[in-house]
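Enquirer: Input structure: upload_18.txt, which contains compact mmCIF, C-alpha atoms.
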# COMPACT_ATOMS: atom_id res chain seq x y z
CA MET A 239 -0.92 -28.42 -27.58
CA VAL A 240 -1.41 -27.77 -23.85
CA SER A 241 0.32 -24.64 -22.56
CA THR A 242 2.78 -25.14 -19.70
CA LYS A 243 3.02 -21.42 -18.96
CA ALA A 244 2.54 -20.65 -15.27
CA PRO A 245 -0.09 -18.01 -14.39
CA GLU A 246 2.53 -15.79 -12.74
CA ASP A 247 4.38 -15.49 -16.05
CA ALA A 248 1.54 -13.31 -17.34
CA TYR A 249 2.15 -10.71 -14.59
CA THR A 250 -1.48 -9.85 -13.96
CA ALA A 251 -3.85 -10.61 -11.10
CA GLU A 252 -6.89 -10.08 -13.32
CA PRO A 253 -7.78 -13.79 -13.73
CA PHE A 254 -7.93 -14.22 -9.94
CA LEU A 255 -10.46 -11.47 -9.22
CA PRO A 256 -13.94 -12.68 -8.25
CA GLU A 257 -16.83 -11.74 -10.51
CA ARG A 258 -18.87 -10.33 -7.63
CA GLY A 259 -18.79 -9.70 -3.90
CA GLY A 260 -17.34 -7.06 -1.61
CA LEU A 261 -14.17 -6.95 0.45
CA PRO A 262 -14.59 -10.44 1.98
CA ALA A 263 -14.83 -11.99 -1.50
CA LEU A 264 -11.80 -10.02 -2.68
CA ARG A 265 -9.81 -11.05 0.37
CA ARG A 266 -10.59 -14.75 -0.14
CA ALA A 267 -9.70 -14.58 -3.82
CA ALA A 268 -6.48 -12.65 -3.19
CA ALA A 269 -5.31 -15.42 -0.87
CA GLU A 270 -5.04 -17.65 -3.95
CA CYS A 271 -3.44 -15.06 -6.24
CA ARG A 272 -0.64 -16.29 -8.48
CA GLY A 273 -0.55 -13.23 -10.69
CA CYS A 274 3.21 -12.66 -10.36
CA PRO A 275 6.20 -14.62 -9.01
CA LEU A 276 6.23 -12.85 -5.62
CA HIS A 277 3.78 -15.35 -4.16
CA ARG A 278 6.38 -18.11 -4.36
CA ASP A 279 8.54 -16.88 -1.46
CA ALA A 280 6.00 -14.93 0.58
CA THR A 281 4.30 -16.58 3.55
CA GLN A 282 0.85 -15.38 2.48
CA THR A 283 -1.11 -12.68 0.71
CA VAL A 284 -1.51 -9.55 2.83
CA PHE A 285 -4.75 -7.90 1.74
CA GLY A 286 -6.12 -4.55 2.89
CA ALA A 287 -7.81 -4.03 6.25
CA GLY A 288 -10.71 -1.82 7.25
CA THR A 289 -14.36 -1.32 6.43
CA ALA A 290 -16.00 -0.74 3.07
CA ASN A 291 -17.31 2.64 4.25
CA ALA A 292 -13.92 4.03 5.29
CA ARG A 293 -13.53 7.73 4.46
CA VAL A 294 -9.80 7.56 3.73
CA MET A 295 -7.68 4.89 2.06
CA LEU A 296 -4.01 4.69 3.04
CA VAL A 297 -1.88 3.02 0.36
CA GLY A 298 1.64 1.82 1.11
CA GLU A 299 4.20 -0.07 -0.93
CA GLN A 300 4.10 -3.72 0.14
CA PRO A 301 3.93 -5.87 3.29
CA GLY A 302 7.03 -6.01 5.48
CA ASP A 303 8.43 -8.94 7.43
CA GLN A 304 5.91 -8.77 10.30
CA GLU A 305 2.98 -8.13 7.95
CA ASP A 306 3.96 -11.20 5.91
CA ARG A 307 4.05 -13.35 9.04
CA GLN A 308 0.79 -12.02 10.53
CA GLY A 309 -1.18 -11.56 7.32
CA LYS A 310 -2.23 -7.97 8.13
CA PRO A 311 -0.99 -4.64 6.72
CA PHE A 312 0.94 -2.10 8.81
CA VAL A 313 1.37 -4.19 11.97
CA GLY A 314 5.16 -3.80 12.16
CA PRO A 315 7.27 -0.85 13.40
CA ALA A 316 6.27 1.35 10.44
CA GLY A 317 2.61 0.64 11.14
CA ARG A 318 2.93 1.62 14.79
CA LEU A 319 4.64 4.86 13.81
CA LEU A 320 1.88 5.53 11.25
CA ASP A 321 -0.82 5.02 13.89
CA ARG A 322 0.90 7.57 16.13
CA ALA A 323 1.23 10.08 13.27
CA LEU A 324 -2.42 9.63 12.27
CA ALA A 325 -3.56 10.29 15.84
CA GLU A 326 -1.39 13.42 16.02
CA ALA A 327 -2.80 14.63 12.72
CA GLY A 328 -6.38 14.09 13.83
CA ILE A 329 -7.33 11.15 11.62
CA ASP A 330 -9.32 8.41 13.34
CA PRO A 331 -7.96 4.97 12.36
CA ALA A 332 -11.57 3.75 12.38
CA ASP A 333 -12.18 6.01 9.37
CA ALA A 334 -9.27 4.48 7.45
CA TYR A 335 -8.81 1.50 5.13
CA VAL A 336 -5.15 0.47 4.89
CA THR A 337 -3.62 -1.49 2.05
CA ASN A 338 -0.55 -1.80 -0.16
CA ALA A 339 0.15 -1.47 -3.86
CA VAL A 340 1.66 -4.99 -3.78
CA LYS A 341 0.12 -7.75 -1.68
CA HIS A 342 3.12 -10.07 -1.24
CA PHE A 343 6.37 -9.43 0.64
CA LYS A 344 9.39 -9.08 -1.64
CA PHE A 345 12.72 -9.65 0.06
CA THR A 346 16.29 -10.87 -0.13
CA ARG A 347 17.96 -13.04 2.49
CA ALA A 348 21.02 -11.81 4.35
CA GLU A 349 23.12 -12.85 7.31
CA PRO A 350 22.89 -13.16 10.23
CA ARG A 351 20.56 -16.16 10.25
CA LYS A 352 19.29 -15.30 6.77
CA ARG A 353 17.41 -12.21 7.88
CA ARG A 354 14.74 -11.13 5.37
CA ILE A 355 15.54 -7.70 3.92
CA HIS A 356 12.82 -5.68 2.18
CA LYS A 357 13.35 -5.21 -1.55
CA ALA A 358 11.33 -2.64 -3.50
CA PRO A 359 8.84 -4.07 -6.01
CA THR A 360 9.32 -3.33 -9.69
CA LEU A 361 6.83 -1.35 -11.75
CA ARG A 362 5.92 -4.62 -13.50
CA GLU A 363 5.08 -6.26 -10.17
CA MET A 364 3.03 -3.25 -9.08
CA THR A 365 1.17 -3.30 -12.40
CA ALA A 366 0.49 -7.03 -12.00
CA CYS A 367 -1.04 -6.39 -8.57
CA GLY A 368 -2.92 -3.32 -9.78
CA PRO A 369 -6.29 -5.07 -10.29
CA TRP A 370 -6.51 -5.77 -6.54
CA LEU A 371 -5.94 -2.11 -5.65
CA ALA A 372 -8.43 -1.02 -8.31
CA ALA A 373 -11.00 -3.43 -6.89
CA GLU A 374 -10.44 -2.12 -3.34
CA LEU A 375 -10.93 1.46 -4.56
CA ALA A 376 -14.12 0.49 -6.38
CA VAL A 377 -15.61 -1.10 -3.25
CA VAL A 378 -14.48 1.42 -0.62
CA GLU A 379 -14.90 4.59 -2.73
CA PRO A 380 -12.92 6.69 -0.24
CA GLU A 381 -13.30 10.43 0.04
CA LEU A 382 -9.50 10.71 0.06
CA ILE A 383 -6.49 8.53 -0.80
CA VAL A 384 -3.24 8.99 1.13
CA LEU A 385 -0.20 7.81 -0.82
CA LEU A 386 2.51 6.56 1.52
CA GLY A 387 5.72 6.73 -0.48
CA ALA A 388 6.88 6.64 -4.08
CA SER A 389 5.72 3.11 -4.92
CA ALA A 390 2.12 3.85 -3.91
CA GLY A 391 2.20 7.01 -5.99
CA LYS A 392 3.62 5.25 -9.03
CA ALA A 393 1.07 2.45 -8.72
CA LEU A 394 -1.83 4.90 -8.98
CA LEU A 395 -0.41 7.93 -10.80
CA GLY A 396 2.28 6.49 -13.05
CA SER A 397 6.04 6.04 -13.14
CA SER A 398 6.79 9.78 -13.27
CA PHE A 399 5.39 10.33 -9.75
CA ARG A 400 7.80 11.90 -7.24
CA VAL A 401 6.91 12.25 -3.55
CA GLY A 402 9.04 15.34 -3.09
CA GLU A 403 7.20 17.18 -5.84
CA ALA A 404 3.68 16.16 -4.81
CA ARG A 405 3.63 15.84 -1.02
CA GLY A 406 1.62 17.99 1.33
CA ALA A 407 -1.05 19.15 -1.14
CA VAL A 408 -4.46 17.88 -2.17
CA LEU A 409 -4.24 16.44 -5.69
CA GLU A 410 -7.20 15.76 -7.93
CA ARG A 411 -6.84 13.01 -10.51
CA GLU A 412 -9.02 10.59 -12.44
CA ILE A 413 -8.16 7.01 -11.52
CA HIS A 414 -9.93 4.02 -13.06
CA GLY A 415 -12.66 6.31 -14.37
CA ARG A 416 -13.41 7.98 -11.03
CA ALA A 417 -12.40 11.43 -9.81
CA GLU A 418 -10.18 11.02 -6.76
CA LYS A 419 -8.63 13.35 -4.20
CA LEU A 420 -5.17 12.36 -3.00
CA VAL A 421 -2.51 13.51 -0.57
CA ALA A 422 1.03 12.20 -0.92
CA THR A 423 3.60 11.80 1.83
CA VAL A 424 6.59 9.64 2.71
CA HIS A 425 6.30 6.03 3.77
CA PRO A 426 6.60 5.75 7.57
CA SER A 427 9.46 3.27 7.16
CA SER A 428 11.57 6.12 5.73
CA VAL A 429 11.21 7.92 9.06
CA LEU A 430 12.57 4.87 10.86
CA ARG A 431 15.54 4.75 8.47
CA ALA A 432 16.63 8.32 9.27
CA GLN A 433 20.31 8.52 10.18
CA ASP A 434 20.02 10.22 13.56
CA ASP A 435 17.51 11.54 16.08
CA ALA A 436 17.40 15.03 14.56
CA ASP A 437 16.71 13.69 11.07
CA ARG A 438 14.15 11.25 12.44
CA LYS A 439 12.34 14.03 14.30
CA ALA A 440 12.24 16.22 11.20
CA ALA A 441 11.03 13.35 9.01
CA TYR A 442 8.29 12.46 11.49
CA GLU A 443 7.13 16.06 11.76
CA GLY A 444 6.97 16.21 7.96
CA LEU A 445 4.82 13.08 7.88
CA VAL A 446 2.44 14.50 10.49
CA SER A 447 2.26 17.80 8.62
CA ASP A 448 1.24 16.01 5.41
CA LEU A 449 -1.35 13.95 7.28
CA LYS A 450 -2.81 17.15 8.73
CA VAL A 451 -3.42 18.28 5.14
CA ALA A 452 -5.33 15.04 4.65
CA ALA A 453 -7.27 15.60 7.89
CA ARG A 454 -8.32 19.07 6.75
CA ALA A 455 -9.43 17.68 3.39
CA LEU A 456 -11.67 15.23 5.25
CA SER A 457 -13.16 17.80 7.63
Now, as a test, write the supplied structure out as structure tokens.
Expert:
Amino acid sequence: MVSTKAPEDAYTAEPFLPERGGLPALRRAAAECRGCPLHRDATQTVFGAGTANARVMLVGEQPGDQEDRQGKPFVGPAGRLLDRALAEAGIDPADAYVTNAVKHFKFTRAEPRKRRIHKAPTLREMTACGPWLAAELAVVEPELIVLLGASAGKALLGSSFRVGEARGAVLEREIHGRAEKLVATVHPSSVLRAQDDADRKAAYEGLVSDLKVAARALS
């Protein structure tokens, strides 16, 4: 009997990974990923960006509205804020590879004009997308991983990860059989969501402070 089960029902990207090749091969293969249902509503896969010899890998949660439309990570308001914070902290963007734990935009539609509102991915969706992040880590082999927010931390360190408990320090963990150094901080979008100017200023300064820890770890 022929199975009618769709590939996304298995919740794993593993069957879509190429057998060989570097970042270009991974990017081409990821464009056809059907490893979970998120691909159905997203405009396109948003794979990581940067070179294979990047010293630091920045891992966020998932693409936002602008990233989904343009097909590149961190090109929206949160990305622009991150670029500013990196520069302040002394990290050269040319030394960074940027990606997300989940490669498709997850959203709900709301008025007016059915605006697309970000919705956090589930642990199951992050696990399904995990093979892509593992493959990126294996190719880039960064000196340091910066975790931008709780979802990135949970994707790599498990569901018990808490940003507030881990941020601003260099962590050492074994991930996919390789010893990694990591620094956790908030996602830049959380800075933009701050209630007022004072809170936003404090949140931004906290982000820069954490990134300075990362910069020192790279120096």
Enquirer: Around (-0.2, -16.2, 9.1) in the file's frame, which residues reach within 10 Å when counting all atoms listed in the file? Return as a PyMOL selection string?
Expert: chain A and resi 281-284+304-310
Enquirer: Which is closest to Pro311 in chain A among A:Leu276, A:Ala393, A:Leu375, A:Leu296, if we use all atoms listed in the file?
Expert: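 Ranked by minimum distance to Pro311 in chain A, first place goes to A:Leu296.
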Enquirer: With distances taken over all atoms listed in the file, which residue among A:Ala287, A:Glu326, A:Gly402, A:Pro275 lies nearest Arg362 in chain A?
Expert: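 Nearest to Arg362 in chain A: A:Pro275.
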Enquirer: Distance table requested - range 313-417 of chain A against range 251-267 of chain A, cut-off 9 Å, all atoms listed in the file: one row per qualifying residue with the closest atom pair and its distance in Å to one decimal, ordered by chain and rising residue number, as CSV.
Expert:
residue,atom,partner,partner_atom,distance
A:Thr365,CA,A:Ala251,CA,9.0
A:Ala366,CA,A:Ala251,CA,5.7
A:Cys367,CA,A:Ala251,CA,5.7
A:Gly368,CA,A:Ala251,CA,7.5
A:Pro369,CA,A:Glu252,CA,5.9
A:Trp370,CA,A:Ala251,CA,7.2
A:Ala373,CA,A:Leu264,CA,7.9
A:Glu374,CA,A:Leu261,CA,7.2
A:Val377,CA,A:Gly260,CA,6.4
A:Val378,CA,A:Leu261,CA,8.4
Enquirer: Using only C-alpha atoms, which residue out of A:Leu371, A:Ala376, A:Ala316, A:Cys274 lies closest to Ala290 in chain A?
Expert: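 Closest to Ala290 in chain A of all the choices is A:Ala376.
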Enquirer: Report, in Å to a single decimal, how far apart CA of Arg411 in chain A and CA of Asp321 in chain A are.
Expert: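 Separating CA of Asp321 in chain A from CA of Arg411 in chain A is a distance of 26.4 Å.
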Enquirer: Can you tell me which residues surround range 332-339 of chain A at a distance of at most 6 Å, considering only C-alpha atoms, apart from same-chain residues fewer than 5 positions away, and format the answer as JSON, numbers by chain?
Expert: {"A": [286, 287, 288, 292, 293, 294, 295, 296, 297, 298, 299, 300, 390]}
Enquirer: So what do you get for CA of Cys271 in chain A versus CA of Phe285 in chain A, distance-wise?
Expert: 10.8 Å
Enquirer: Would you mind reading off the distance between CA of Glu410 in chain A and CA of Tyr442 in chain A, one decimal, in Å?
Expert: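 That distance, rounded to one decimal, is 25.1 Å.
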Enquirer: Tell me, as a ChimeraX atom specification, which residues lie within 8 Å of Ile329 in chain A, counting all atoms listed in the file; anything in the same chain fewer than 4 positions away does not count.
Expert: /A:324-325,333,449,453
Enquirer: Tell me, as a list in words, which residues lie within 7 Å of Arg438 in chain A, counting all atoms listed in the file; anything in the same chain fewer than 5 positions away does not count.
Expert: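 Those residues are Val429, Leu430 and Ala432 of chain A.
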Enquirer: Complete the atom set of range 338-358 of chain A to N, CA and C atoms and return it as a short mmCIF file (atom, residue, chain, number, x, y, z; two decimals), keeping the file's coordinate frame.
Expert:
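Done, and the output landed in part05.cif:
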data_model
loop_
_atom_site.label_atom_id
_atom_site.label_comp_id
_atom_site.auth_asym_id
_atom_site.auth_seq_id
_atom_site.Cartn_x
_atom_site.Cartn_y
_atom_site.Cartn_z
N ASN A 338 -1.82 -2.01 0.53
CA ASN A 338 -0.55 -1.80 -0.16
C ASN A 338 -0.71 -1.97 -1.66
N ALA A 339 0.18 -1.34 -2.41
CA ALA A 339 0.15 -1.47 -3.86
C ALA A 339 0.45 -2.90 -4.29
N VAL A 340 1.29 -3.59 -3.52
CA VAL A 340 1.66 -4.99 -3.78
C VAL A 340 1.28 -5.81 -2.56
N LYS A 341 0.69 -6.97 -2.79
CA LYS A 341 0.12 -7.75 -1.68
C LYS A 341 1.02 -8.87 -1.15
N HIS A 342 2.19 -9.06 -1.75
CA HIS A 342 3.12 -10.07 -1.24
C HIS A 342 4.45 -9.41 -0.87
N PHE A 343 5.09 -9.93 0.15
CA PHE A 343 6.37 -9.43 0.64
C PHE A 343 7.48 -9.83 -0.32
N LYS A 344 8.23 -8.82 -0.80
CA LYS A 344 9.39 -9.08 -1.64
C LYS A 344 10.65 -8.82 -0.82
N PHE A 345 11.56 -9.78 -0.81
CA PHE A 345 12.72 -9.65 0.06
C PHE A 345 13.93 -10.40 -0.48
N THR A 346 15.07 -10.09 0.09
CA THR A 346 16.29 -10.87 -0.13
C THR A 346 16.73 -11.40 1.24
N ARG A 347 17.49 -12.46 1.23
CA ARG A 347 17.96 -13.04 2.49
C ARG A 347 19.40 -12.63 2.75
N ALA A 348 19.68 -12.25 4.00
CA ALA A 348 21.02 -11.81 4.35
C ALA A 348 21.38 -12.35 5.73
N GLU A 349 22.65 -12.46 5.98
CA GLU A 349 23.12 -12.85 7.31
C GLU A 349 22.91 -11.68 8.27
N PRO A 350 22.79 -11.86 9.58
CA PRO A 350 22.89 -13.16 10.23
C PRO A 350 21.58 -13.94 10.20
N ARG A 351 21.70 -15.24 10.23
CA ARG A 351 20.56 -16.16 10.25
C ARG A 351 19.57 -15.89 9.12
N LYS A 352 20.11 -15.51 7.97
CA LYS A 352 19.29 -15.30 6.77
C LYS A 352 18.11 -14.38 7.04
N ARG A 353 18.42 -13.22 7.62
CA ARG A 353 17.41 -12.21 7.88
C ARG A 353 16.77 -11.75 6.57
N ARG A 354 15.46 -11.52 6.58
CA ARG A 354 14.74 -11.13 5.37
C ARG A 354 14.75 -9.61 5.22
N ILE A 355 15.38 -9.13 4.16
CA ILE A 355 15.54 -7.70 3.92
C ILE A 355 14.58 -7.25 2.83
N HIS A 356 13.78 -6.24 3.14
CA HIS A 356 12.82 -5.68 2.18
C HIS A 356 13.51 -5.29 0.88
N LYS A 357 12.87 -5.60 -0.23
CA LYS A 357 13.35 -5.21 -1.55
C LYS A 357 12.19 -4.56 -2.29
N ALA A 358 12.42 -3.39 -2.85
CA ALA A 358 11.33 -2.64 -3.50
C ALA A 358 10.77 -3.39 -4.70
#
